[in-house]
Amino acid sequence: MKKAFLLSLFLVFSLIVSACSSGGSSDEASSEGSSEGGGDTSAPLDIFSWWTGAGEEDGLKALLALFEEKHPDIPIENAAVAGGAGTNAKAVLASRMQGDDPPATFQVHGGAELNEGWVAAGKMEPLNDFYQEEGLNDKFPQDLIDMVSKDGNIYSVPVNIHRGNVLWYNKKLLDENGLQAPTTFDEFFEVADTLKAKGITPLALGDKEPWTATHLYETVLLGVLGSEEYGKLWTGELSFDDPKVTEAVEIFKKMLSYVNEDHASRNWQDATQLVANGEAAMNVMGDWAKGYLVNDLKQAVNEDFGYVPTPGTDGQFMVITDTFGLPTDVENPEGVKQFLSVLASVEGQDAFNPLKGSIPARIDADVEKYDQYGKDTIEDFKEATLAPSLAHGSAASEGFLTKVNQNVNIFVTQQDVGQFTDSLVAAAAELK
């Protein structure tokens, strides 16, 4: 696993160095669509992602089926690579891009993962004209467009919005024990103590892949700091040894004392399943977990499971957006644009997101196609203060995230607050 992360980091770094040394990459970026007008319009499109399980695969298949219905003349291939949060896919993608063999289009998180990685390396075509032609500039929230833009150019199309700061809970377990879903850290520990005293695992965790523990940690950071101070971590205005950040680490450490003993051998789906089966009461995970609960585990929203923002984050939204763009030098750029057009459409977003568990990126999607969780989240997104996810590539560079994942993994085992703090302070030097 660590080898895959390091390979990905090395290859991305090599791409950036190559782009910087080649010269003229900024000129190419300012001349939109250098791939346009050429290429093989019959070349198949390999759609690269890491959507291979839970509701995510169902959503992808629905999107691909819609494209095939609308464009039966354009061959399409599902080129998904398994691995939660793109653990394996990102290494494969870096290898392909380094070898000048880009997929037709690929899943990439809006924010630093897109802009400081592939855009900075000169590997993406601007989509300003595409947005204009498709009438998209007023169909996505401006904050979302900003997440997929760099230096005045737009580089990808959001297909969804995920909320990262969600606490899922087994309604029967809480009801039987006379408990309410916690909304503050004090409430969380009260509920957790009550459950633990009765032999019930309070919090499910599956950190076989280390990003899941980082995901839990970032929600604690947001709950302690609030979105404004949390955002300062990624600009260098707030240090990782600030007393409030240390307080968050202490809370994170305490939360880890309530997780299942076999957490290191489980992935996020396994942890979610513990809650569905009543073997654990709560789980912190993004709302792709809802897609898994409903589609795979056949759980009913607000009957079998419930949801609240993670402790301390009411009114805040840890935003994660999956996007697709146009890599440079693909065989069939016009075919890619046809795919992006379907992906960006109301019909495409409403085919994909109800199954994925996410909400549509478009502001004019059909709300009635979404369950109560979707409706609630759509409303919350309109009013909430947004915060970028670290664990999912939006807040900081891939290199910094790799170091955080490694150090979180060590912390989960050793739980040395001082060592963990020092390691993040050292790693954050590259953010400046």
# chains A, B, ... in the order shown; residues from 1 in each chain; ligands from 1

call {"tool": "residues_around", "arguments": {"residues": "Ile320 of chain A", "least_positions_apart": "5", "cutoff": "7 Å", "atoms": "only C-alpha atoms", "output": "list of chain:residue names"}}
result
A:His109, A:Ile161, A:His162, A:Arg163, A:Gly164, A:Pro388, A:Ser389, A:His392

call {"tool": "residues_around", "arguments": {"residues": "Gln415 of chain A", "least_positions_apart": "3", "cutoff": "10 Å", "atoms": "only C-alpha atoms", "output": "MDAnalysis selection string"}}
result
chainID A and resid 249:250 252:254 256 408:412 418:420

call {"tool": "select_by_dssp", "arguments": {"residues": "segment 190-268 of chain A", "states": "helix (DSSP H, G or I)", "output": "mmCIF file with N, CA, C and O atoms, in the first residue's frame"}}
result
data_model
loop_
_atom_site.group_PDB
_atom_site.id
_atom_site.type_symbol
_atom_site.label_atom_id
_atom_site.label_comp_id
_atom_site.auth_asym_id
_atom_site.auth_seq_id
_atom_site.Cartn_x
_atom_site.Cartn_y
_atom_site.Cartn_z
ATOM 1 N N GLU A 190 -20.418 10.740 25.811
ATOM 2 C CA GLU A 190 -21.466 10.239 26.714
ATOM 3 C C GLU A 190 -22.166 9.031 26.106
ATOM 4 O O GLU A 190 -22.378 8.006 26.773
ATOM 5 N N VAL A 191 -22.532 9.154 24.825
ATOM 6 C CA VAL A 191 -23.189 8.050 24.123
ATOM 7 C C VAL A 191 -22.246 6.854 24.035
ATOM 8 O O VAL A 191 -22.634 5.704 24.281
ATOM 9 N N ALA A 192 -20.994 7.124 23.684
ATOM 10 C CA ALA A 192 -20.014 6.049 23.525
ATOM 11 C C ALA A 192 -19.782 5.305 24.846
ATOM 12 O O ALA A 192 -19.677 4.069 24.867
ATOM 13 N N ASP A 193 -19.716 6.032 25.955
ATOM 14 C CA ASP A 193 -19.511 5.385 27.257
ATOM 15 C C ASP A 193 -20.695 4.491 27.616
ATOM 16 O O ASP A 193 -20.511 3.384 28.135
ATOM 17 N N THR A 194 -21.884 4.973 27.341
ATOM 18 C CA THR A 194 -23.089 4.184 27.634
ATOM 19 C C THR A 194 -23.088 2.888 26.833
ATOM 20 O O THR A 194 -23.372 1.803 27.361
ATOM 21 N N LEU A 195 -22.775 2.993 25.556
ATOM 22 C CA LEU A 195 -22.760 1.815 24.692
ATOM 23 C C LEU A 195 -21.649 0.850 25.087
ATOM 24 O O LEU A 195 -21.861 -0.368 25.145
ATOM 25 N N LYS A 196 -20.476 1.386 25.364
ATOM 26 C CA LYS A 196 -19.335 0.533 25.710
ATOM 27 C C LYS A 196 -19.601 -0.240 27.001
ATOM 28 O O LYS A 196 -19.224 -1.420 27.122
ATOM 29 N N ALA A 197 -20.274 0.401 27.950
ATOM 30 C CA ALA A 197 -20.607 -0.266 29.216
ATOM 31 C C ALA A 197 -21.550 -1.437 29.007
ATOM 32 O O ALA A 197 -21.587 -2.364 29.829
ATOM 33 N N TRP A 211 -6.484 6.036 4.565
ATOM 34 C CA TRP A 211 -7.250 7.261 4.335
ATOM 35 C C TRP A 211 -8.477 7.345 5.230
ATOM 36 O O TRP A 211 -8.947 8.447 5.531
ATOM 37 N N THR A 212 -9.019 6.200 5.653
ATOM 38 C CA THR A 212 -10.236 6.237 6.462
ATOM 39 C C THR A 212 -9.991 6.859 7.831
ATOM 40 O O THR A 212 -10.842 7.575 8.362
ATOM 41 N N ALA A 213 -8.816 6.583 8.414
ATOM 42 C CA ALA A 213 -8.477 7.218 9.691
ATOM 43 C C ALA A 213 -8.203 8.703 9.495
ATOM 44 O O ALA A 213 -8.567 9.530 10.350
ATOM 45 N N THR A 214 -7.583 9.052 8.368
ATOM 46 C CA THR A 214 -7.393 10.469 8.048
ATOM 47 C C THR A 214 -8.735 11.158 7.882
ATOM 48 O O THR A 214 -8.916 12.320 8.302
ATOM 49 N N HIS A 215 -9.680 10.467 7.298
ATOM 50 C CA HIS A 215 -11.033 11.017 7.126
ATOM 51 C C HIS A 215 -11.655 11.330 8.489
ATOM 52 O O HIS A 215 -12.240 12.407 8.686
ATOM 53 N N LEU A 216 -11.532 10.413 9.425
ATOM 54 C CA LEU A 216 -12.054 10.654 10.773
ATOM 55 C C LEU A 216 -11.344 11.843 11.406
ATOM 56 O O LEU A 216 -11.980 12.732 11.994
ATOM 57 N N TYR A 217 -10.033 11.885 11.273
ATOM 58 C CA TYR A 217 -9.232 12.965 11.858
ATOM 59 C C TYR A 217 -9.645 14.328 11.301
ATOM 60 O O TYR A 217 -9.788 15.298 12.064
ATOM 61 N N GLU A 218 -9.862 14.434 9.991
ATOM 62 C CA GLU A 218 -10.195 15.740 9.422
ATOM 63 C C GLU A 218 -11.569 16.221 9.884
ATOM 64 O O GLU A 218 -11.780 17.429 10.028
ATOM 65 N N THR A 219 -12.492 15.314 10.160
ATOM 66 C CA THR A 219 -13.797 15.756 10.671
ATOM 67 C C THR A 219 -13.659 16.278 12.097
ATOM 68 O O THR A 219 -14.376 17.211 12.489
ATOM 69 N N VAL A 220 -12.740 15.689 12.866
ATOM 70 C CA VAL A 220 -12.493 16.202 14.219
ATOM 71 C C VAL A 220 -11.853 17.584 14.137
ATOM 72 O O VAL A 220 -12.234 18.510 14.873
ATOM 73 N N LEU A 221 -10.890 17.743 13.237
ATOM 74 C CA LEU A 221 -10.290 19.066 13.029
ATOM 75 C C LEU A 221 -11.354 20.104 12.710
ATOM 76 O O LEU A 221 -11.360 21.207 13.279
ATOM 77 N N LEU A 222 -12.253 19.770 11.795
ATOM 78 C CA LEU A 222 -13.302 20.716 11.409
ATOM 79 C C LEU A 222 -14.213 21.023 12.588
ATOM 80 O O LEU A 222 -14.609 22.182 12.793
ATOM 81 N N GLY A 223 -14.527 20.006 13.374
ATOM 82 C CA GLY A 223 -15.418 20.199 14.518
ATOM 83 C C GLY A 223 -14.821 21.077 15.597
ATOM 84 O O GLY A 223 -15.529 21.830 16.267
ATOM 85 N N VAL A 224 -13.515 20.998 15.781
ATOM 86 C CA VAL A 224 -12.836 21.805 16.807
ATOM 87 C C VAL A 224 -12.533 23.212 16.290
ATOM 88 O O VAL A 224 -12.744 24.208 16.987
ATOM 89 N N LEU A 225 -12.050 23.299 15.056
ATOM 90 C CA LEU A 225 -11.554 24.573 14.531
ATOM 91 C C LEU A 225 -12.633 25.436 13.892
ATOM 92 O O LEU A 225 -12.550 26.676 13.912
ATOM 93 N N GLY A 226 -13.642 24.816 13.275
ATOM 94 C CA GLY A 226 -14.565 25.572 12.427
ATOM 95 C C GLY A 226 -13.935 25.759 11.055
ATOM 96 O O GLY A 226 -12.713 25.686 10.894
ATOM 97 N N SER A 227 -14.751 26.015 10.063
ATOM 98 C CA SER A 227 -14.277 26.011 8.678
ATOM 99 C C SER A 227 -13.228 27.091 8.401
ATOM 100 O O SER A 227 -12.279 26.865 7.639
ATOM 101 N N GLU A 228 -13.351 28.267 9.026
ATOM 102 C CA GLU A 228 -12.406 29.346 8.737
ATOM 103 C C GLU A 228 -11.008 28.992 9.230
ATOM 104 O O GLU A 228 -10.014 29.116 8.491
ATOM 105 N N GLU A 229 -10.891 28.572 10.490
ATOM 106 C CA GLU A 229 -9.588 28.210 11.033
ATOM 107 C C GLU A 229 -9.060 26.935 10.378
ATOM 108 O O GLU A 229 -7.855 26.799 10.147
ATOM 109 N N TYR A 230 -9.935 26.011 10.084
ATOM 110 C CA TYR A 230 -9.546 24.780 9.388
ATOM 111 C C TYR A 230 -8.908 25.122 8.046
ATOM 112 O O TYR A 230 -7.883 24.545 7.662
ATOM 113 N N GLY A 231 -9.482 26.074 7.335
ATOM 114 C CA GLY A 231 -8.935 26.472 6.043
ATOM 115 C C GLY A 231 -7.543 27.068 6.150
ATOM 116 O O GLY A 231 -6.742 26.961 5.219
ATOM 117 N N LYS A 232 -7.245 27.685 7.292
ATOM 118 C CA LYS A 232 -5.925 28.302 7.476
ATOM 119 C C LYS A 232 -4.807 27.270 7.587
ATOM 120 O O LYS A 232 -3.634 27.602 7.380
ATOM 121 N N PRO A 243 -2.512 25.204 19.709
ATOM 122 C CA PRO A 243 -3.216 24.516 20.799
ATOM 123 C C PRO A 243 -4.566 23.927 20.395
ATOM 124 O O PRO A 243 -4.941 22.847 20.879
ATOM 125 N N LYS A 244 -5.295 24.605 19.525
ATOM 126 C CA LYS A 244 -6.593 24.076 19.093
ATOM 127 C C LYS A 244 -6.420 22.820 18.241
ATOM 128 O O LYS A 244 -7.229 21.896 18.307
ATOM 129 N N VAL A 245 -5.371 22.794 17.425
ATOM 130 C CA VAL A 245 -5.105 21.596 16.617
ATOM 131 C C VAL A 245 -4.700 20.444 17.529
ATOM 132 O O VAL A 245 -5.142 19.304 17.335
ATOM 133 N N THR A 246 -3.892 20.751 18.537
ATOM 134 C CA THR A 246 -3.512 19.720 19.503
ATOM 135 C C THR A 246 -4.735 19.199 20.248
ATOM 136 O O THR A 246 -4.851 17.991 20.519
ATOM 137 N N GLU A 247 -5.662 20.095 20.577
ATOM 138 C CA GLU A 247 -6.913 19.673 21.210
ATOM 139 C C GLU A 247 -7.657 18.686 20.318
ATOM 140 O O GLU A 247 -8.206 17.675 20.794
ATOM 141 N N ALA A 248 -7.684 18.959 19.014
ATOM 142 C CA ALA A 248 -8.349 18.060 18.068
ATOM 143 C C ALA A 248 -7.669 16.690 18.047
ATOM 144 O O ALA A 248 -8.343 15.650 17.982
ATOM 145 N N VAL A 249 -6.354 16.670 18.122
ATOM 146 C CA VAL A 249 -5.620 15.400 18.129
ATOM 147 C C VAL A 249 -5.960 14.600 19.393
ATOM 148 O O VAL A 249 -6.137 13.373 19.351
ATOM 149 N N GLU A 250 -6.067 15.291 20.515
ATOM 150 C CA GLU A 250 -6.435 14.615 21.765
ATOM 151 C C GLU A 250 -7.839 14.006 21.667
ATOM 152 O O GLU A 250 -8.076 12.886 22.144
ATOM 153 N N ILE A 251 -8.754 14.739 21.054
ATOM 154 C CA ILE A 251 -10.117 14.217 20.876
ATOM 155 C C ILE A 251 -10.108 13.025 19.925
ATOM 156 O O ILE A 251 -10.772 12.004 20.162
ATOM 157 N N PHE A 252 -9.347 13.138 18.843
ATOM 158 C CA PHE A 252 -9.199 12.037 17.891
ATOM 159 C C PHE A 252 -8.666 10.796 18.604
ATOM 160 O O PHE A 252 -9.171 9.674 18.418
ATOM 161 N N LYS A 253 -7.655 10.995 19.434
ATOM 162 C CA LYS A 253 -7.089 9.879 20.200
ATOM 163 C C LYS A 253 -8.144 9.234 21.091
ATOM 164 O O LYS A 253 -8.255 7.997 21.153
ATOM 165 N N LYS A 254 -8.933 10.043 21.755
ATOM 166 C CA LYS A 254 -9.968 9.505 22.648
ATOM 167 C C LYS A 254 -11.021 8.743 21.853
ATOM 168 O O LYS A 254 -11.486 7.674 22.290
ATOM 169 N N MET A 255 -11.383 9.249 20.684
ATOM 170 C CA MET A 255 -12.371 8.560 19.858
ATOM 171 C C MET A 255 -11.867 7.176 19.446
ATOM 172 O O MET A 255 -12.646 6.216 19.354
ATOM 173 N N LEU A 256 -10.568 7.064 19.203
ATOM 174 C CA LEU A 256 -9.999 5.778 18.789
ATOM 175 C C LEU A 256 -10.122 4.709 19.874
ATOM 176 O O LEU A 256 -10.057 3.509 19.580
ATOM 177 N N HIS A 263 -10.117 -3.167 13.565
ATOM 178 C CA HIS A 263 -10.232 -2.076 12.598
ATOM 179 C C HIS A 263 -9.163 -2.138 11.515
ATOM 180 O O HIS A 263 -9.415 -1.799 10.356
ATOM 181 N N ALA A 264 -7.954 -2.581 11.854
ATOM 182 C CA ALA A 264 -6.856 -2.575 10.891
ATOM 183 C C ALA A 264 -7.015 -3.621 9.790
ATOM 184 O O ALA A 264 -6.346 -3.547 8.755
ATOM 185 N N SER A 265 -7.913 -4.574 9.982
ATOM 186 C CA SER A 265 -8.131 -5.612 8.969
ATOM 187 C C SER A 265 -9.399 -5.367 8.151
ATOM 188 O O SER A 265 -9.754 -6.173 7.296
ATOM 189 N N TRP A 268 -13.557 0.434 4.551
ATOM 190 C CA TRP A 268 -14.677 1.288 4.951
ATOM 191 C C TRP A 268 -16.018 0.584 4.791
ATOM 192 O O TRP A 268 -16.938 0.810 5.584
#

call {"tool": "closest_residue", "arguments": {"among": "A:Ala427, A:Val108, A:Ala351, A:Ala80", "to": "Ala65 of chain A", "atoms": "only C-alpha atoms"}}
result
A:Ala351

call {"tool": "closest_residue", "arguments": {"among": "A:Ala276, A:Ile359, A:Val346, A:Val330", "to": "Asp101 of chain A", "atoms": "only C-alpha atoms"}}
result
A:Val330

call {"tool": "residues_around", "arguments": {"residues": "Val275 of chain A", "least_positions_apart": "4", "cutoff": "10 Å", "atoms": "only C-alpha atoms", "output": "PyMOL selection string"}}
result
chain A and resi 168-171+173+201-204+270-271+279-283+293+304-305

call {"tool": "closest_residue", "arguments": {"among": "A:Pro141, A:Gly315, A:Gly178, A:Gly86", "to": "Glu113 of chain A", "atoms": "only C-alpha atoms"}}
result
A:Gly86

call {"tool": "select_by_dssp", "arguments": {"residues": "segment 110-202 of chain A", "states": "strand (DSSP E or B)", "output": "count of residues only"}}
result
18

call {"tool": "closest_atom_pairs", "arguments": {"of": "segment 273-380 of chain A", "to": "segment 45-48 of chain A", "cutoff": "9 Å", "atoms": "only C-alpha atoms", "output": "tab-separated table"}}
result
residue	atom	partner	partner_atom	distance
A:Glu331	CA	A:Leu45	CA	8.7
A:Asn332	CA	A:Leu45	CA	7.4
A:Gly335	CA	A:Leu45	CA	7.2
A:Val336	CA	A:Leu45	CA	7.0
A:Phe339	CA	A:Leu45	CA	8.7

call {"tool": "residues_around", "arguments": {"residues": "Leu401 of chain A", "least_positions_apart": "5", "cutoff": "8 Å", "atoms": "only C-alpha atoms", "output": "number ranges by chain"}}
result
A: 390-391, 393, 396

call {"tool": "write_last_selection", "arguments": {"atoms": "N, CA and C atoms", "output": "compact mmCIF listing (two decimals), in the first residue's frame"}}
result
# COMPACT_ATOMS: atom_id res chain seq x y z
N LEU A 390 -9.15 17.12 3.21
CA LEU A 390 -7.75 16.72 3.11
C LEU A 390 -7.65 15.27 2.63
N ALA A 391 -8.41 14.38 3.24
CA ALA A 391 -8.30 12.95 2.96
C ALA A 391 -8.59 12.62 1.51
N GLY A 393 -8.09 14.80 -1.19
CA GLY A 393 -7.29 15.50 -2.18
C GLY A 393 -7.64 16.93 -2.49
N ALA A 396 -5.03 19.91 0.08
CA ALA A 396 -3.58 20.05 0.01
C ALA A 396 -3.02 19.08 -1.03

call {"tool": "closest_residue", "arguments": {"among": "A:Asp350, A:Asp129, A:Asp58, A:Asp314", "to": "Arg362 of chain A", "atoms": "only C-alpha atoms"}}
result
A:Asp350

call {"tool": "closest_residue", "arguments": {"among": "A:Val308, A:Gly110, A:Thr385, A:Leu144", "to": "Phe188 of chain A", "atoms": "only C-alpha atoms"}}
result
A:Val308

call {"tool": "atom_distance", "arguments": {"atom1": "atom CA of Val301 of chain A", "atom2": "atom CA of Gln372 of chain A"}}
result
7.2 Å

call {"tool": "atom_distance", "arguments": {"atom1": "atom CA of Lys356 of chain A", "atom2": "atom CA of Phe381 of chain A"}}
result
17.1 Å

call {"tool": "closest_residue", "arguments": {"among": "A:Gly53, A:Gly357, A:Pro333, A:Pro126", "to": "Thr41 of chain A", "atoms": "only C-alpha atoms"}}
result
A:Pro333

call {"tool": "residues_around", "arguments": {"residues": "Gly55 of chain A", "least_positions_apart": "4", "cutoff": "6 Å", "atoms": "only C-alpha atoms", "output": "number ranges by chain"}}
result
A: 291-292, 295, 355-356

call {"tool": "write_last_selection", "arguments": {"atoms": "C-alpha atoms", "output": "PDB file, in the first residue's frame"}}
result
ATOM      1  CA  GLY A 291     -25.120   4.327  -1.409  1.00  0.00           C
ATOM      2  CA  TYR A 292     -23.596   1.179   0.087  1.00  0.00           C
ATOM      3  CA  ASN A 295     -27.964  -0.420  -2.661  1.00  0.00           C
ATOM      4  CA  LEU A 355     -27.167   5.465  -6.687  1.00  0.00           C
ATOM      5  CA  LYS A 356     -23.756   6.815  -5.685  1.00  0.00           C
TER       6      LYS A 356
END

call {"tool": "residues_around", "arguments": {"residues": "Val119 of chain A", "least_positions_apart": "3", "cutoff": "10 Å", "atoms": "only C-alpha atoms", "output": "VMD selection string"}}
result
chain A and resid 16 19 25 29 112 to 116 122 to 126 148 to 150 153 to 156 327

call {"tool": "decode", "arguments": {"residues": "segment 394-414 of chain A", "atoms": "N, CA and C atoms", "output": "PDB file, in the first residue's frame"}}
result
ATOM      1  N   SER A 394      -8.623  17.506  -1.819  1.00  0.00           N
ATOM      2  CA  SER A 394      -9.049  18.859  -2.163  1.00  0.00           C
ATOM      3  C   SER A 394      -8.281  19.942  -1.425  1.00  0.00           C
ATOM      4  N   ALA A 395      -7.827  19.651  -0.214  1.00  0.00           N
ATOM      5  CA  ALA A 395      -7.257  20.701   0.636  1.00  0.00           C
ATOM      6  C   ALA A 395      -5.777  20.950   0.401  1.00  0.00           C
ATOM      7  N   ALA A 396      -5.033  19.908   0.081  1.00  0.00           N
ATOM      8  CA  ALA A 396      -3.576  20.045   0.005  1.00  0.00           C
ATOM      9  C   ALA A 396      -3.018  19.080  -1.025  1.00  0.00           C
ATOM     10  N   SER A 397      -1.726  19.205  -1.279  1.00  0.00           N
ATOM     11  CA  SER A 397      -1.084  18.425  -2.329  1.00  0.00           C
ATOM     12  C   SER A 397      -1.074  16.938  -2.014  1.00  0.00           C
ATOM     13  N   GLU A 398      -0.933  16.151  -3.070  1.00  0.00           N
ATOM     14  CA  GLU A 398      -0.862  14.696  -2.919  1.00  0.00           C
ATOM     15  C   GLU A 398       0.334  14.293  -2.061  1.00  0.00           C
ATOM     16  N   GLY A 399       1.443  15.008  -2.209  1.00  0.00           N
ATOM     17  CA  GLY A 399       2.622  14.687  -1.411  1.00  0.00           C
ATOM     18  C   GLY A 399       2.386  14.879   0.075  1.00  0.00           C
ATOM     19  N   PHE A 400       1.740  15.988   0.440  1.00  0.00           N
ATOM     20  CA  PHE A 400       1.437  16.231   1.848  1.00  0.00           C
ATOM     21  C   PHE A 400       0.445  15.208   2.370  1.00  0.00           C
ATOM     22  N   LEU A 401      -0.575  14.894   1.568  1.00  0.00           N
ATOM     23  CA  LEU A 401      -1.574  13.913   1.987  1.00  0.00           C
ATOM     24  C   LEU A 401      -0.930  12.548   2.236  1.00  0.00           C
ATOM     25  N   THR A 402      -0.014  12.159   1.380  1.00  0.00           N
ATOM     26  CA  THR A 402       0.680  10.885   1.570  1.00  0.00           C
ATOM     27  C   THR A 402       1.367  10.847   2.929  1.00  0.00           C
ATOM     28  N   LYS A 403       2.034  11.947   3.298  1.00  0.00           N
ATOM     29  CA  LYS A 403       2.712  12.009   4.592  1.00  0.00           C
ATOM     30  C   LYS A 403       1.702  11.980   5.738  1.00  0.00           C
ATOM     31  N   VAL A 404       0.582  12.674   5.577  1.00  0.00           N
ATOM     32  CA  VAL A 404      -0.441  12.655   6.621  1.00  0.00           C
ATOM     33  C   VAL A 404      -0.972  11.244   6.815  1.00  0.00           C
ATOM     34  N   ASN A 405      -1.293  10.569   5.711  1.00  0.00           N
ATOM     35  CA  ASN A 405      -1.799   9.197   5.818  1.00  0.00           C
ATOM     36  C   ASN A 405      -0.811   8.289   6.536  1.00  0.00           C
ATOM     37  N   GLN A 406       0.445   8.427   6.208  1.00  0.00           N
ATOM     38  CA  GLN A 406       1.466   7.604   6.865  1.00  0.00           C
ATOM     39  C   GLN A 406       1.535   7.894   8.352  1.00  0.00           C
ATOM     40  N   ASN A 407       1.484   9.174   8.719  1.00  0.00           N
ATOM     41  CA  ASN A 407       1.601   9.540  10.131  1.00  0.00           C
ATOM     42  C   ASN A 407       0.328   9.267  10.921  1.00  0.00           C
ATOM     43  N   VAL A 408      -0.820   9.390  10.277  1.00  0.00           N
ATOM     44  CA  VAL A 408      -2.066   9.001  10.940  1.00  0.00           C
ATOM     45  C   VAL A 408      -2.045   7.500  11.224  1.00  0.00           C
ATOM     46  N   ASN A 409      -1.556   6.737  10.258  1.00  0.00           N
ATOM     47  CA  ASN A 409      -1.477   5.288  10.426  1.00  0.00           C
ATOM     48  C   ASN A 409      -0.601   4.933  11.632  1.00  0.00           C
ATOM     49  N   ILE A 410       0.511   5.640  11.783  1.00  0.00           N
ATOM     50  CA  ILE A 410       1.390   5.427  12.943  1.00  0.00           C
ATOM     51  C   ILE A 410       0.686   5.853  14.230  1.00  0.00           C
ATOM     52  N   PHE A 411      -0.013   6.977  14.166  1.00  0.00           N
ATOM     53  CA  PHE A 411      -0.678   7.507  15.361  1.00  0.00           C
ATOM     54  C   PHE A 411      -1.774   6.564  15.857  1.00  0.00           C
ATOM     55  N   VAL A 412      -2.521   5.982  14.934  1.00  0.00           N
ATOM     56  CA  VAL A 412      -3.588   5.061  15.334  1.00  0.00           C
ATOM     57  C   VAL A 412      -3.014   3.915  16.168  1.00  0.00           C
ATOM     58  N   THR A 413      -1.795   3.502  15.841  1.00  0.00           N
ATOM     59  CA  THR A 413      -1.143   2.401  16.557  1.00  0.00           C
ATOM     60  C   THR A 413      -0.468   2.873  17.842  1.00  0.00           C
ATOM     61  N   GLN A 414       0.292   3.970  17.747  1.00  0.00           N
ATOM     62  CA  GLN A 414       1.113   4.399  18.885  1.00  0.00           C
ATOM     63  C   GLN A 414       0.444   5.453  19.756  1.00  0.00           C
TER      64      GLN A 414
END
